[in-house]
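The structure appears below as structure tokens.
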Amino acid sequence: MKRELQRVEIPGEYDARRRTWEVVRAAYLERRPVSWPRRHVRSLALTAAVVAIVAAAVTPPGRSVVNSIRDAVGREKVAGVRNAQRELVRLPAPGRLLVQSPRAAWVVQQDGSRRRLGPYRDAAWSPHGLFVAGVLNARDLVALEPNGKVRWEKPNKRRAALPRWSFEGFRIAYLAGSTLRVIAGDGTNDRAIGPASSSVAPAWRPGTHQVAYVGPGGLVRVVDADARTLLWQTPPEANGIRALTWSDDSARLLVLGDHSVSVYSASGRVVGRTPTPGVAGAAAFAPGSHRFALTAGPQVLLIDADTLRFPRRPLFTGAPALSDAVWSPDGDWLAIGWPAADQLVFIRVGGMPKLDAVSNVSRQFRSRTFPGLAGWTVSID
Amino acid sequence: MAERAWIRGAQRGSVSDLEALFREHWSRAYRAAYLIVHDAAAAEDIAQEAFLAAVRNLDRFDRRRPFGPWLHRIAVNRAIDWARAAKLRAEAEEQDVAAPERVEPDERMLPALASLDPDHRAVIVLRYLLEYTPGEIADLLDLPRGTVNSRLRRGLDKLKERLE
């Protein structure tokens with residue numbers, strides 16, 4: 001039996017071993033060795049607690065002993081959602097989550113298994129989740145499969161950033177230095193579109209090859225990428241622009257500013273504009289709807305883009321601030337980042353309200369800072 | 001003895017000692033995971049996760065304990081979870097996603113093993129590939145020893161049927 005089990009041929013074993021060693025080695029080199037006091041923190045804490053209780057009980061200065069221990073050990077920490085799972089063991093809805101840590105892009109399957117794609121930045125799903133676009137070594141635009149296999153690589157002379165796929169995957173818009181460029185989905189026909197802000201991702205209008213981006217001076221421009229013609233542009237935004245996003249039906253463009261939300265129709269007419277209750281974090285249209293989730297300060301709100309009427313109560317509150325917002329492909333769940341609590345919060349919006357949370361997120365993605373949510377796409381089966 | 005030295009070296013920051021540990025244990029952990037999940041990509045992820053857990057907990061690892069069982073516990077339990085989830089998906093979608101990716105005509109063991117429940121596969125892999133005793137398997141999987149024995153017996157019976 002042993003011989004039989006050892007004889008079973010496993011496809012790609014050598015490559016799997018090489019890839020795994022690279023990941024393990026990188027994790028090992030990134031780790032901080034634990035000092036002796038930290039290694040024994042439990043026993044030290046227990047001893048300290050016993051000493052403190054005894055001191056508090058029997059001596060007048062006991063309270064100061066307790067306080068000093070608190071000062072030494074218990075810095076203010078956001079507790080986060082109670083009963084959060086310590087490991088991301090499953091996603092609450094079908095699909096795959098793309099997570100971006102400062103050093104790597106990760107794909108999380110619905111069963112919670114994680115794959116480190118490699119040291120890519122600014123990762124983004126293709127429309128059906130068949131590919132991921134990302135940036136390698138700051139300058140190379142890369143398209144790869146979700147198993148990490150690189151399909152093509154396009155080196156750039158300037159810093160490449162924030163690739164985004166068009167609705168059918170035939171175009172990718174990205175930033176090279178302070179220029180918006182568009183390349184075909186197979187890595188050919190790369191061409192410049194125009195000067196652009198280097199910090200805001202372009203947004204393709206669904207069903208078209210029109211792309212919205214932030215031009216010089218804070219104007220939002222919508223261009224036909226194939227004809228390279230300007231279709232319309234907004235007046236300059238009063239404050240900085242954080243993000244652009246279209247509704248699924250391509251009828252609404254949302255411009256998220258630092259402290260405001262502006263909504264435009266497909267022809268560039270202003271539908272509405274409103275200040276946000278706190279510094280804006282992220283905005284995402286719910287699939288198949290004009291409702292969008294907005295993280296602003298500690299709140300996540302669900303807002304109708306046609307009326308811009310704010311709800312009486314937020315969907316969720318997490319101080320001091322929430323970060324990303326991505327929808328599950330079925331539109332029933334919203335994933336939110338809560339960096340101060342190091343938690344991912346999943347909020348069921350469709351059907352009965354429900355909240356799931358996962359803690360220790362940075363550790364799970366081997367990052368010293370809280371990772372970003374880059375998208376939640378459909379499963380491939 | 002060498003293993004203790006590798007662990008000590010890795011705890012002190014030696015990449016070569018970590019690599020020695022990796023070389024010693026990766027293949028068996030990966031093979032065990034593959035024989036349970038029957039999916040090479042999943043087995044790679046599972047073995048990778050097990051080693052990453054080892055790296056994360058390296059400083060707290062008690063050098064007096066053997067490294068292999070600790071690693072195999074993580075890998076095998078994750079593989080069982082994955083295989084159970086795959087089975088549920090397969091039932092929901094009425095297709096066999098847990099089928100092996102490639103089967104040589106003369107290799108009957110893999111499809112025969114694939115026909116077992118993940119729990120049965122796991123005990124057979126632990127017993128006959130990794131050569132743990134039923135008592136050790138019971139410890140690794142947090143199961144009563146009687147359950148391990150019955151799963152082994154049922155698993156072997158089913159395997160025999162398939163292979164005959």
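Labels for the structure tokens follow display order: chains A, B, ..., residues from 1 in each chain, ligands from 1.
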
For this session: Considering only C-alpha atoms, return as a PyMOL selection string whatever protein or nucleic-acid residues lie within 12 Å of Pro66 (chain B), sequence-local ones (same chain, fewer than 2 positions apart) excluded.
Result: chain B and resi 1-7+21+25+61-64+68-73

Output of the above residues as a PDB file, in the first residue's frame, restricted to C-alpha atoms:
ATOM      1  CA  MET B   1      18.741  14.767  16.111  1.00  0.00           C
ATOM      2  CA  ALA B   2      19.414  16.696  12.893  1.00  0.00           C
ATOM      3  CA  GLU B   3      15.851  17.920  12.942  1.00  0.00           C
ATOM      4  CA  ARG B   4      16.259  19.549  16.350  1.00  0.00           C
ATOM      5  CA  ALA B   5      19.369  21.311  15.096  1.00  0.00           C
ATOM      6  CA  TRP B   6      17.510  22.539  12.016  1.00  0.00           C
ATOM      7  CA  ILE B   7      14.669  23.863  14.153  1.00  0.00           C
ATOM      8  CA  LEU B  21      13.409  21.264   7.306  1.00  0.00           C
ATOM      9  CA  HIS B  25       9.026  17.418   5.148  1.00  0.00           C
ATOM     10  CA  PHE B  61       7.859  25.690  18.713  1.00  0.00           C
ATOM     11  CA  ASP B  62       9.061  23.260  21.363  1.00  0.00           C
ATOM     12  CA  ARG B  63      12.227  21.696  19.946  1.00  0.00           C
ATOM     13  CA  ARG B  64      11.687  18.547  21.993  1.00  0.00           C
ATOM     14  CA  GLY B  68       6.548  16.083  11.245  1.00  0.00           C
ATOM     15  CA  PRO B  69       3.396  15.192  13.212  1.00  0.00           C
ATOM     16  CA  TRP B  70       2.766  18.830  13.985  1.00  0.00           C
ATOM     17  CA  LEU B  71       3.028  19.762  10.310  1.00  0.00           C
ATOM     18  CA  HIS B  72       0.998  16.755   9.180  1.00  0.00           C
ATOM     19  CA  ARG B  73      -1.773  17.590  11.638  1.00  0.00           C
TER      20      ARG B  73
END

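If we count only C-alpha atoms, these residues of chain A sit within 8 Å of chain B: A:Met1, A:Lys2, A:Glu4, A:Leu5, A:Gln6, A:Val8, A:Ile10, A:Pro11, A:Gly12, A:Glu13, A:Ala16, A:Arg17, A:Thr20, A:Trp21, A:Val23, A:Val24, A:Arg25, A:Ala27, A:Tyr28, A:Arg31, A:Pro33, A:Val34, A:Arg39, A:Asp111, A:Ser113, A:Arg114, A:Arg115, A:Asn147.
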
Output file for the selection above: C-alpha atoms, as a PDB file, in the first residue's frame:
ATOM      1  CA  MET A   1       0.000   0.000   0.000  1.00  0.00           C
ATOM      2  CA  LYS A   2       2.749   2.446   0.905  1.00  0.00           C
ATOM      3  CA  GLU A   4       1.311   2.333  -4.284  1.00  0.00           C
ATOM      4  CA  LEU A   5       0.696   5.630  -2.519  1.00  0.00           C
ATOM      5  CA  GLN A   6       4.251   6.764  -3.106  1.00  0.00           C
ATOM      6  CA  VAL A   8       1.079   8.042  -7.520  1.00  0.00           C
ATOM      7  CA  ILE A  10       1.376  14.236  -9.001  1.00  0.00           C
ATOM      8  CA  PRO A  11       1.296  16.700 -11.881  1.00  0.00           C
ATOM      9  CA  GLY A  12       3.617  19.671 -11.450  1.00  0.00           C
ATOM     10  CA  GLU A  13       5.163  18.459  -8.197  1.00  0.00           C
ATOM     11  CA  ALA A  16       4.820  23.275  -6.716  1.00  0.00           C
ATOM     12  CA  ARG A  17       7.797  22.601  -4.486  1.00  0.00           C
ATOM     13  CA  THR A  20       6.124  26.876  -2.130  1.00  0.00           C
ATOM     14  CA  TRP A  21       9.723  27.240  -1.062  1.00  0.00           C
ATOM     15  CA  VAL A  23       6.749  31.739  -0.554  1.00  0.00           C
ATOM     16  CA  VAL A  24       7.938  30.070   2.661  1.00  0.00           C
ATOM     17  CA  ARG A  25      11.373  31.626   2.358  1.00  0.00           C
ATOM     18  CA  ALA A  27       7.609  34.690   4.788  1.00  0.00           C
ATOM     19  CA  TYR A  28      10.554  33.552   6.883  1.00  0.00           C
ATOM     20  CA  ARG A  31       9.120  37.558  10.011  1.00  0.00           C
ATOM     21  CA  PRO A  33      12.004  36.850  15.537  1.00  0.00           C
ATOM     22  CA  VAL A  34      10.099  36.802  18.807  1.00  0.00           C
ATOM     23  CA  ARG A  39       7.686  34.276  23.742  1.00  0.00           C
ATOM     24  CA  ASP A 111     -13.704  27.733   0.996  1.00  0.00           C
ATOM     25  CA  SER A 113      -8.129  28.728   0.852  1.00  0.00           C
ATOM     26  CA  ARG A 114      -5.686  31.443  -0.099  1.00  0.00           C
ATOM     27  CA  ARG A 115      -3.213  31.607  -2.924  1.00  0.00           C
ATOM     28  CA  ASN A 147      -3.369  30.225 -10.445  1.00  0.00           C
TER      29      ASN A 147
END

Excluding same-chain residues fewer than 3 positions from Val135 (chain A), what lies within 6 Å of it counting only C-alpha atoms, as a compact mmCIF listing (two decimals) with C-alpha atoms, in the first residue's frame?
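Listed below is the output, out.txt:
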# COMPACT_ATOMS: atom_id res chain seq x y z
CA TYR A 120 2.01 42.25 -7.69
CA ARG A 121 0.52 45.62 -6.83
CA ALA A 138 6.57 49.09 -10.20
CA ASP A 140 5.70 46.06 -15.61
CA LEU A 141 2.04 45.57 -16.40
CA VAL A 142 1.21 41.87 -16.05

For this session: Step one, run DSSP on the backbone; step two, keep only residues of region 67-246 of chain A assigned to strand (DSSP E or B); then write them as a VMD selection string.
Result: chain A and resid 85 96 to 100 105 to 108 114 to 118 120 to 125 132 to 136 140 to 144 150 to 154 160 to 165 171 to 176 179 to 184 191 to 195 203 to 204 210 to 214 220 to 224 229 to 233 241 to 246

Exercise. Where does DSSP see helix (DSSP H, G or I) in region 112-153 of chain B, if you list the residues as a ChimeraX atom specification?
Worked result: /B:112-114,118-129,134-141,145-153

Those same residues - C-alpha atoms - I'd like them written as a compact mmCIF listing (two decimals), in the first residue's frame.
# COMPACT_ATOMS: atom_id res chain seq x y z
CA ALA B 112 -9.98 4.02 -5.97
CA LEU B 113 -8.84 6.36 -3.23
CA ALA B 114 -10.92 9.18 -4.73
CA PRO B 118 -12.36 12.33 2.75
CA ASP B 119 -12.27 11.03 6.35
CA HIS B 120 -11.45 7.53 5.15
CA ARG B 121 -8.86 8.81 2.71
CA ALA B 122 -7.16 10.77 5.46
CA VAL B 123 -6.73 7.84 7.84
CA ILE B 124 -5.43 5.61 5.05
CA VAL B 125 -2.92 8.25 3.96
CA LEU B 126 -1.81 8.83 7.54
CA ARG B 127 -1.50 5.09 8.20
CA TYR B 128 0.09 3.86 4.99
CA LEU B 129 1.89 6.85 3.49
CA PRO B 134 -3.77 4.27 14.86
CA GLY B 135 -3.09 5.81 18.27
CA GLU B 136 -1.02 8.57 16.72
CA ILE B 137 -3.67 9.17 14.04
CA ALA B 138 -6.27 9.47 16.78
CA ASP B 139 -4.11 12.16 18.41
CA LEU B 140 -3.50 13.99 15.14
CA LEU B 141 -7.16 14.11 14.15
CA ARG B 145 -8.96 5.40 18.57
CA GLY B 146 -11.94 3.16 17.84
CA THR B 147 -13.15 5.61 15.19
CA VAL B 148 -9.74 5.58 13.54
CA ASN B 149 -9.73 1.78 13.49
CA SER B 150 -13.22 1.57 12.05
CA ARG B 151 -12.45 4.18 9.37
CA LEU B 152 -9.30 2.29 8.46
CA ARG B 153 -11.17 -0.99 8.22

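Going from CA of Pro236 (chain A) to CA of Val214 (chain A) covers 9.7 Å.
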
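Take CA of Ala192 (chain A) and CA of Leu136 (chain A): the distance between them is 19.9 Å.
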
List the spatial neighbours of Ala79 (chain B) as an mmCIF file with C-alpha atoms, in the first residue's frame - criterion: any atom at most 7 Å away, only C-alpha atoms, same-chain residues fewer than 3 positions off excluded.
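After the write, result03.cif holds the following:
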data_model
loop_
_atom_site.group_PDB
_atom_site.id
_atom_site.type_symbol
_atom_site.label_atom_id
_atom_site.label_comp_id
_atom_site.auth_asym_id
_atom_site.auth_seq_id
_atom_site.Cartn_x
_atom_site.Cartn_y
_atom_site.Cartn_z
ATOM 1 C CA ALA B 33 -2.624 16.517 0.982
ATOM 2 C CA ILE B 36 -6.766 13.426 0.241
ATOM 3 C CA VAL B 37 -7.920 16.295 -1.989
ATOM 4 C CA ILE B 46 -2.517 23.288 1.733
ATOM 5 C CA ALA B 75 -1.936 19.706 6.450
ATOM 6 C CA VAL B 76 -4.206 16.703 6.858
ATOM 7 C CA TRP B 82 -11.081 21.121 1.636
ATOM 8 C CA ALA B 83 -12.161 17.674 0.429
#

Problem set entry | Close residues, Asp122 (chain A) itself excluded, 7 Å, only C-alpha atoms, min 3 positions apart in chain, as a ChimeraX atom specification | /A:134-135,161-163

Write out, as a PDB file, in the first residue's frame, the residues just selected, with N, CA and C atoms.
ATOM      1  N   GLY A 134      -2.049  43.167 -12.887  1.00  0.00           N
ATOM      2  CA  GLY A 134      -1.326  43.738 -11.758  1.00  0.00           C
ATOM      3  C   GLY A 134      -0.044  44.385 -12.245  1.00  0.00           C
ATOM      4  N   VAL A 135       0.683  44.950 -11.306  1.00  0.00           N
ATOM      5  CA  VAL A 135       1.941  45.623 -11.645  1.00  0.00           C
ATOM      6  C   VAL A 135       3.067  44.942 -10.890  1.00  0.00           C
ATOM      7  N   ALA A 161       0.569  51.723 -12.965  1.00  0.00           N
ATOM      8  CA  ALA A 161      -0.321  51.634 -11.797  1.00  0.00           C
ATOM      9  C   ALA A 161      -1.765  51.441 -12.231  1.00  0.00           C
ATOM     10  N   LEU A 162      -2.526  50.851 -11.331  1.00  0.00           N
ATOM     11  CA  LEU A 162      -3.990  50.831 -11.344  1.00  0.00           C
ATOM     12  C   LEU A 162      -4.625  50.334 -12.651  1.00  0.00           C
ATOM     13  N   PRO A 163      -4.256  49.148 -13.130  1.00  0.00           N
ATOM     14  CA  PRO A 163      -4.901  48.623 -14.339  1.00  0.00           C
ATOM     15  C   PRO A 163      -6.367  48.262 -14.068  1.00  0.00           C
TER      16      PRO A 163
END

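You will find CA of Trp246 (chain A) at 6.1 Å from CA of Arg205 (chain A).
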